[in-house]
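> Sharing input_22.cif below, mmCIF, C-alpha atoms and all ligand atoms:
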```cif
data_target
loop_
_atom_site.label_atom_id
_atom_site.label_comp_id
_atom_site.auth_asym_id
_atom_site.auth_seq_id
_atom_site.Cartn_x
_atom_site.Cartn_y
_atom_site.Cartn_z
CA MET A 1 -35.40 -8.21 19.49
CA ASN A 2 -34.44 -10.93 16.97
CA THR A 3 -31.07 -12.70 16.87
CA LEU A 4 -29.63 -10.51 14.11
CA ASP A 5 -30.51 -7.34 16.02
CA THR A 6 -28.80 -8.78 19.10
CA LEU A 7 -25.70 -9.71 17.09
CA ARG A 8 -25.62 -6.28 15.41
CA ARG A 9 -25.83 -4.53 18.79
CA PHE A 10 -22.95 -6.57 20.20
CA TYR A 11 -20.89 -6.03 17.01
CA ALA A 12 -21.53 -2.26 17.24
CA ARG A 13 -20.19 -2.17 20.81
CA LEU A 14 -17.24 -4.40 19.91
CA VAL A 15 -16.00 -2.53 16.80
CA THR A 16 -16.34 0.89 18.44
CA SER A 17 -14.54 -0.12 21.64
CA SER A 18 -10.91 0.51 20.61
CA GLY A 19 -10.60 4.21 21.33
CA GLY A 20 -11.86 4.32 24.92
CA ASP A 21 -15.35 5.76 25.42
CA ALA A 22 -17.26 5.26 22.18
CA ASP A 23 -19.46 8.02 20.74
CA PRO A 24 -23.01 6.65 21.25
CA ARG A 25 -24.08 8.06 17.85
CA ILE A 26 -21.43 5.93 16.13
CA VAL A 27 -22.42 2.85 18.15
CA GLU A 28 -26.04 3.45 17.04
CA ALA A 29 -24.97 3.78 13.38
CA PHE A 30 -23.23 0.37 13.49
CA ALA A 31 -26.18 -1.13 15.39
CA ASN A 32 -28.77 0.10 12.90
CA VAL A 33 -27.26 -0.19 9.42
CA GLU A 34 -27.80 -3.74 8.12
CA ARG A 35 -24.53 -4.93 6.62
CA GLU A 36 -26.31 -7.73 4.70
CA ALA A 37 -28.18 -5.07 2.70
CA PHE A 38 -24.87 -3.72 1.32
CA VAL A 39 -22.49 -6.64 0.73
CA GLY A 40 -24.68 -8.62 -1.71
CA PRO A 41 -26.03 -12.14 -1.25
CA GLY A 42 -23.92 -14.81 0.50
CA PRO A 43 -21.93 -16.91 0.69
CA TRP A 44 -19.31 -14.17 0.96
CA GLN A 45 -15.59 -14.00 0.28
CA ILE A 46 -13.84 -12.96 3.50
CA ALA A 47 -10.46 -11.25 3.14
CA ALA A 48 -7.94 -13.27 5.15
CA GLU A 49 -4.17 -13.43 5.34
CA GLY A 50 -3.01 -14.93 2.06
CA GLY A 51 -6.27 -14.44 0.11
CA TYR A 52 -10.03 -14.83 0.40
CA MET A 53 -11.88 -17.46 2.41
CA ASP A 54 -15.39 -18.62 1.47
CA SER A 55 -17.86 -17.97 4.31
CA GLY A 56 -19.46 -21.35 3.56
CA THR A 57 -22.87 -19.97 4.52
CA ASP A 58 -25.30 -17.25 3.50
CA ASP A 59 -26.38 -16.70 7.12
CA PRO A 60 -26.01 -12.92 7.66
CA ALA A 61 -25.04 -13.61 11.29
CA ILE A 62 -21.52 -14.22 9.99
CA LEU A 63 -21.24 -10.58 8.85
CA TYR A 64 -21.35 -9.22 12.41
CA GLN A 65 -17.67 -9.73 13.15
CA ASP A 66 -14.73 -7.40 12.65
CA ILE A 67 -14.05 -8.88 9.21
CA ASN A 68 -13.37 -7.48 5.77
CA ILE A 69 -15.77 -8.79 3.11
CA GLY A 70 -15.00 -8.91 -0.62
CA LEU A 71 -17.25 -6.71 -2.75
CA VAL A 72 -15.35 -7.42 -6.00
CA PRO A 73 -12.65 -9.91 -4.91
CA LYS A 74 -11.06 -10.11 -8.37
CA LEU A 75 -10.29 -6.37 -8.12
CA GLY A 76 -9.34 -6.56 -4.42
CA ILE A 77 -12.26 -4.24 -3.53
CA ASN A 78 -13.54 -4.98 -0.03
CA ASN A 79 -16.09 -3.63 2.42
CA GLY A 80 -13.46 -2.24 4.84
CA GLN A 81 -12.65 -3.37 8.35
CA PRO A 82 -15.45 -2.16 10.68
CA SER A 83 -13.15 -1.30 13.63
CA LEU A 84 -10.93 0.86 11.38
CA HIS A 85 -13.99 2.75 10.12
CA ALA A 86 -15.32 3.13 13.67
CA ARG A 87 -12.04 4.79 14.60
CA CYS A 88 -12.06 7.01 11.49
CA LEU A 89 -15.69 8.08 12.03
CA ALA A 90 -14.85 8.97 15.64
CA ALA A 91 -11.81 10.97 14.47
CA CYS A 92 -13.65 13.09 11.89
CA ALA A 93 -16.85 13.23 13.99
CA PRO A 94 -19.57 14.11 11.43
CA LYS A 95 -22.29 16.26 13.02
CA ALA A 96 -25.95 16.95 12.30
CA GLY A 97 -26.37 19.37 9.39
CA GLU A 98 -22.87 18.88 7.93
CA VAL A 99 -22.00 18.17 4.30
CA VAL A 100 -19.81 15.11 3.73
CA VAL A 101 -17.93 14.03 0.61
CA HIS A 102 -17.36 10.28 0.68
CA VAL A 103 -14.58 9.16 -1.68
CA GLY A 104 -14.80 5.48 -2.71
CA ALA A 105 -18.31 4.60 -1.52
CA GLY A 106 -18.15 0.97 -2.72
CA THR A 107 -21.68 -0.35 -2.21
CA GLY A 108 -22.58 2.30 0.36
CA TYR A 109 -22.30 0.63 3.80
CA TYR A 110 -20.23 3.42 5.40
CA THR A 111 -22.09 6.04 3.33
CA ALA A 112 -25.24 4.93 5.15
CA MET A 113 -23.48 5.48 8.49
CA LEU A 114 -22.29 8.93 7.42
CA ALA A 115 -25.86 9.75 6.34
CA ARG A 116 -27.18 8.79 9.78
CA LEU A 117 -24.52 10.84 11.53
CA VAL A 118 -25.25 14.07 9.61
CA GLU A 119 -28.99 13.42 10.06
CA ARG A 120 -31.69 14.72 7.74
CA SER A 121 -30.42 18.28 7.91
CA GLY A 122 -27.03 17.22 6.47
CA HIS A 123 -26.03 15.67 3.17
CA VAL A 124 -23.58 13.05 1.90
CA HIS A 125 -22.12 13.21 -1.62
CA ALA A 126 -20.86 9.69 -2.28
CA PHE A 127 -18.33 9.31 -5.12
CA GLU A 128 -17.65 5.90 -6.63
CA ILE A 129 -15.59 5.57 -9.80
CA ASN A 130 -16.56 1.94 -10.56
CA PRO A 131 -19.91 2.17 -12.43
CA ASP A 132 -21.23 -1.23 -11.23
CA LEU A 133 -20.47 -0.38 -7.59
CA ALA A 134 -21.92 3.12 -8.01
CA SER A 135 -25.22 1.67 -9.25
CA ARG A 136 -25.25 -0.90 -6.44
CA SER A 137 -24.70 1.86 -3.87
CA GLU A 138 -27.41 3.99 -5.48
CA ARG A 139 -29.86 1.07 -5.12
CA ASN A 140 -28.75 0.26 -1.58
CA LEU A 141 -29.04 3.90 -0.48
CA SER A 142 -32.34 4.69 -2.21
CA GLY A 143 -34.08 4.98 1.18
CA TYR A 144 -31.70 7.75 2.31
CA GLY A 145 -33.06 11.14 1.26
CA ASN A 146 -29.84 12.90 2.28
CA VAL A 147 -27.43 11.00 -0.02
CA THR A 148 -26.42 11.72 -3.62
CA VAL A 149 -24.34 9.06 -5.37
CA HIS A 150 -21.97 10.33 -8.06
CA ALA A 151 -20.60 7.70 -10.47
CA ALA A 152 -17.40 9.71 -10.93
CA SER A 153 -13.86 10.23 -9.73
CA ALA A 154 -13.66 12.40 -6.61
CA VAL A 155 -10.24 13.55 -7.76
CA GLU A 156 -11.61 15.15 -10.91
CA ALA A 157 -15.16 16.15 -9.98
CA HIS A 158 -16.37 19.55 -8.89
CA LEU A 159 -16.67 19.08 -5.11
CA PRO A 160 -19.05 21.06 -2.91
CA PRO A 161 -17.61 22.86 0.16
CA ALA A 162 -17.43 20.05 2.73
CA SER A 163 -17.24 19.80 6.53
CA VAL A 164 -15.95 16.24 6.20
CA ILE A 165 -14.13 14.45 3.37
CA TYR A 166 -14.03 10.73 4.14
CA VAL A 167 -11.65 8.88 1.84
CA CYS A 168 -11.78 5.09 1.48
CA ALA A 169 -9.09 4.54 -1.17
CA GLY A 170 -5.34 4.96 -0.71
CA ALA A 171 -3.62 8.12 -1.99
CA THR A 172 0.16 8.55 -2.23
CA HIS A 173 -0.30 12.32 -1.70
CA ILE A 174 -3.01 14.82 -0.82
CA PRO A 175 -4.78 16.24 -3.88
CA ASP A 176 -5.33 20.05 -3.76
CA ILE A 177 -8.99 19.51 -4.68
CA TRP A 178 -9.65 17.92 -1.24
CA LEU A 179 -7.76 20.55 0.75
CA ASP A 180 -9.53 23.32 -1.18
CA ALA A 181 -13.01 21.83 -0.65
CA LEU A 182 -12.67 21.76 3.17
CA THR A 183 -14.59 24.48 4.99
CA ILE A 184 -12.92 26.21 7.96
CA GLY A 185 -13.15 23.65 10.76
CA GLY A 186 -13.58 20.92 8.12
CA ARG A 187 -11.92 17.51 8.54
CA LEU A 188 -10.31 15.39 5.82
CA ILE A 189 -9.54 11.79 6.70
CA LEU A 190 -7.61 9.73 4.18
CA PRO A 191 -5.36 6.70 3.84
CA LEU A 192 -1.89 7.89 2.78
CA THR A 193 -0.44 4.72 1.29
CA THR A 194 2.60 3.65 -0.69
CA SER A 195 2.15 1.87 -4.02
CA ASP A 196 2.57 -1.55 -2.37
CA GLY A 197 -0.39 -0.84 -0.07
CA PRO A 198 0.67 -0.08 3.52
CA GLY A 199 0.38 3.35 5.07
CA PHE A 200 -1.72 5.18 7.64
CA MET A 201 -4.90 7.14 8.18
CA LEU A 202 -4.25 10.87 8.40
CA LEU A 203 -6.71 13.41 9.81
CA VAL A 204 -6.32 16.97 8.48
CA THR A 205 -8.37 19.76 10.07
CA ARG A 206 -8.57 23.16 8.38
CA GLN A 207 -7.99 25.88 10.98
CA SER A 208 -8.06 28.88 8.65
CA GLY A 209 -7.41 29.67 4.97
CA ALA A 210 -4.00 27.98 4.67
CA THR A 211 -3.38 26.41 8.08
CA TYR A 212 -4.24 22.83 8.79
CA GLU A 213 -3.67 20.64 11.83
CA ALA A 214 -2.73 17.07 10.96
CA ARG A 215 -2.39 13.86 12.93
CA HIS A 216 -1.94 10.14 12.52
CA ILE A 217 -5.00 8.03 13.40
CA SER A 218 -3.97 4.42 12.75
CA SER A 219 -2.09 2.24 10.34
CA ALA A 220 -4.01 1.29 7.21
CA TYR A 221 -3.90 -0.85 4.08
CA PHE A 222 -6.17 0.19 1.18
CA ILE A 223 -6.52 -0.34 -2.54
CA GLY A 224 -5.46 2.69 -4.54
CA CYS A 225 -7.42 5.85 -5.22
CA ILE A 226 -7.43 6.28 -9.00
CA GLY A 227 -5.98 9.69 -9.91
CA ALA A 228 -4.28 10.17 -6.52
CA ARG A 229 -1.33 7.83 -7.04
CA ASP A 230 2.12 8.78 -8.18
CA GLU A 231 5.34 6.75 -8.07
CA THR A 232 7.58 9.67 -7.02
CA GLN A 233 5.19 10.50 -4.19
CA SER A 234 5.04 6.85 -3.18
CA HIS A 235 8.88 6.77 -2.92
CA ALA A 236 8.86 9.96 -0.83
CA LEU A 237 6.19 8.50 1.47
CA ARG A 238 8.05 5.20 1.85
CA ALA A 239 11.28 7.08 2.71
CA ALA A 240 9.40 9.26 5.24
CA LEU A 241 7.87 6.18 6.88
CA ARG A 242 11.34 4.61 7.18
CA ALA A 243 12.84 7.77 8.67
CA GLN A 244 10.25 8.69 11.31
CA SER A 245 6.93 7.47 12.68
CA PRO A 246 3.90 9.28 11.20
CA LYS A 247 2.73 9.68 14.82
CA ALA A 248 5.08 12.70 14.90
CA ILE A 249 2.97 14.64 12.35
CA ARG A 250 1.29 17.76 13.80
CA SER A 251 0.37 20.05 10.89
CA LEU A 252 0.05 20.43 7.14
CA ARG A 253 1.50 23.51 5.45
CA ARG A 254 0.71 25.01 2.05
CA GLY A 255 2.22 27.93 0.17
CA GLU A 256 5.58 27.89 1.98
CA ALA A 257 8.82 25.95 1.48
CA PRO A 258 9.39 22.86 3.68
CA ASP A 259 11.70 23.51 6.67
CA GLU A 260 13.64 21.14 8.94
CA THR A 261 10.38 19.97 10.57
CA ALA A 262 9.12 18.47 7.28
CA TRP A 263 7.99 14.85 7.63
CA CYS A 264 7.12 14.43 3.94
CA ALA A 265 6.52 16.93 1.11
CA GLY A 266 4.19 16.79 -1.89
CA PRO A 267 3.27 19.20 -4.68
CA GLY A 268 2.26 22.44 -2.91
CA TRP A 269 1.96 20.95 0.61
CA TRP A 270 4.11 19.35 3.28
CA LEU A 271 3.51 17.61 6.55
CA SER A 272 5.31 19.05 9.55
CA THR A 273 6.21 17.62 12.94
CA ALA A 274 5.74 21.12 14.39
CA SER A 275 2.39 22.21 15.80
CA LEU A 276 0.74 25.30 14.34
CA PRO A 277 2.06 28.51 15.90
C1 LIG B 301 -11.82 -0.02 -0.28
S1 LIG B 301 -13.04 0.29 -1.49
C2 LIG B 301 -14.25 1.13 -0.54
C3 LIG B 301 -15.35 0.29 -0.15
C4 LIG B 301 -16.44 0.96 0.66
N1 LIG B 301 -15.99 2.04 1.49
C5 LIG B 301 -17.11 -0.07 1.49
O1 LIG B 301 -16.62 -0.30 2.59
O2 LIG B 301 -18.04 -0.70 1.02
C6 LIG B 301 -12.37 1.65 -2.40
C7 LIG B 301 -13.31 2.16 -3.47
O3 LIG B 301 -12.78 3.37 -4.00
C8 LIG B 301 -13.16 3.46 -5.35
N2 LIG B 301 -12.30 4.50 -5.97
C9 LIG B 301 -10.99 4.42 -6.32
N3 LIG B 301 -10.56 5.59 -6.82
C10 LIG B 301 -11.62 6.45 -6.78
C11 LIG B 301 -11.81 7.81 -7.17
N4 LIG B 301 -10.82 8.54 -7.68
N5 LIG B 301 -13.03 8.37 -6.98
C12 LIG B 301 -14.07 7.63 -6.46
N6 LIG B 301 -13.95 6.33 -6.10
C13 LIG B 301 -12.75 5.75 -6.25
C14 LIG B 301 -12.96 2.02 -5.84
O4 LIG B 301 -13.67 1.76 -7.02
C15 LIG B 301 -13.47 1.21 -4.65
O5 LIG B 301 -14.81 0.89 -4.78
#
```
Do you think you could lay out the structure here as C-alpha cells?


Amino acid sequence: MNTLDTLRRFYARLVTSSGGDADPRIVEAFANVEREAFVGPGPWQIAAEGGYMDSGTDDPAILYQDINIGLVPKLGINNGQPSLHARCLAACAPKAGEVVVHVGAGTGYYTAMLARLVERSGHVHAFEINPDLASRSERNLSGYGNVTVHAASAVEAHLPPASVIYVCAGATHIPDIWLDALTIGGRLILPLTTSDGPGFMLLVTRQSGATYEARHISSAYFIGCIGARDETQSHALRAALRAQSPKAIRSLRRGEAPDETAWCAGPGWWLSTASLP
C-alpha cells in the first residue's frame, strides 16, 4: 500500500467516526475515491475562518484532512466538509440498486461516493447548474457507468422518481419538486439555510403519499441553491431558529393547515414538532 492509500484509509476512518459505529460501506467509499482526481490540480485554496488559505503545496497528501477545498473560490463554491458529508451519507443511507438525485454535484467527488454506494445496479443523476463545473464533473465521473450528469437546475428539471435526493446547496424552503420525486421510503437530505448562510441539515423520509418523517441531522453552512431561495422564507426560517431548536422537528406535513406544533411553514408544507400519528 502506498502512502496516499494509507492516508486515505486513515482519513476515511477519521471523517466517518462522528456518529458512533460507522457504516463500513461509507468508510470504503471515502477510502477508495481519490479526492485529488476531483478538486483540480494544486496548490489548493483551503476554506478557513476569514477567507481562503493557500495550501502552499500540490502534494495530494494535504487533501486527506477534514478540510473544505475551494473549487471556484471567487464564487465561494467549495468541495464540502468530508465529516459533514459522512454524516449525511450515513443519515440517508443509499443502498444497492437505488436511484439517487444529487443536487449541486460540483466536480463530482460526493457523486462518486453515491455511485459506489448504490453499486452498479443503481443510478445517480447528478445535477449541476454551473456549466464549467458540470463539464468537470462529467470528465471526472466518466469511469462511472451508473452516473448521468445533467448541466441543469435540479429545481426546474424533470426529476426521476428517487429513493434518495442528496442536496448540496442551501435552500430557504423545500421545493415541491423534491418532495414529489421521493418514492415511498425515499429520503431527502438538504441544507435548510437562511440567506446569510447558516442553517441545518434536514432529513425527510416519505412514509406514504403525504406523510413524511423529518429530523435534524447537524448544523450546516452552504452556498445557496439557485431557484430555492426566497427572502420571506429566509425570514420565517430565521425566526423559527430563534424560537426553537430544529432538533425538535419530527415530521413534515403537506395539504393541511399548520397547527400549534408547527416549527416553520412554507408554501404547501410545514415542519411539525409532533411525530406522525
Ligand atoms: C457547495 S457546492 C457543492 C459542491 C460539491 N458537492 C462538492 O463537494 O464538490 C454547491 C453547488 O450547487 C450548485 N447549484 C446551486 N444551485 C443549483 C441548482 N438549482 N441545481 C443544480 N446545482 C445547483 C452550485 O453551482 C455549486 O456547484

> Any idea what the distance is between atom CA of A:Cys264 and atom CA of A:Tyr110?

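Separating atom CA of A:Cys264 from atom CA of A:Tyr110 is a distance of 29.5 Å.
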
> Could you state the separation of atom CA of A:Arg13 and atom CA of A:Pro198 in Å, given to one decimal place?

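According to the coordinates, atom CA of A:Arg13 and atom CA of A:Pro198 are separated by 27.2 Å.
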
> If the limit is 6 Å from any atom of ligand LIG 301 (chain B), counting only C-alpha atoms and all ligand atoms, which residues qualify? Return them as a list in words.

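The residues near ligand LIG 301 (chain B) are Ile77, Asn78, Asn79, Gly80, Val103, Gly104, Ala105, Gly106, Thr107, Gly108, Tyr109, Tyr110, Phe127, Glu128, Ile129, Asn130, Ala152, Ser153, Ala154, Val155, Cys168, Ala169, Phe222, Ile223, Cys225, Ile226 and Gly227 of chain A.
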
> Have a look at A:Arg35, A:Leu241, A:Ala220, A:Asp176 and name the one nearest to A:Trp269; count all atoms listed in the file.

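Using all atoms listed in the file, the shortest distance to A:Trp269 belongs to A:Asp176.
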
> Which neighbours of stretch 244-256 of chain A fall inside 9 Å, counting all atoms listed in the file, when residues of the same chain fewer than 5 positions from it are skipped, and could you give them as a list of chain:residue names?

A:Phe200, A:Leu202, A:Val204, A:Thr205, A:Ala210, A:Thr211, A:Tyr212, A:Glu213, A:Ala214, A:Arg215, A:His216, A:Ile217, A:Ser218, A:Ala239, A:Ala262, A:Trp263, A:Gly268, A:Trp269, A:Trp270, A:Leu271, A:Ser272, A:Thr273, A:Ala274, A:Ser275, A:Leu276

> For a test of reading the model, state the distance in Å between atom CA of A:Ser18 and atom CA of A:Asp66, rounded to one decimal.

11.9 Å

> Between A:Ile165, A:Gly170, A:Gln207, A:Glu119, single out the one closest to A:Gly145, counting only C-alpha atoms.

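Among the listed residues, the smallest separation from A:Gly145 belongs to A:Glu119.
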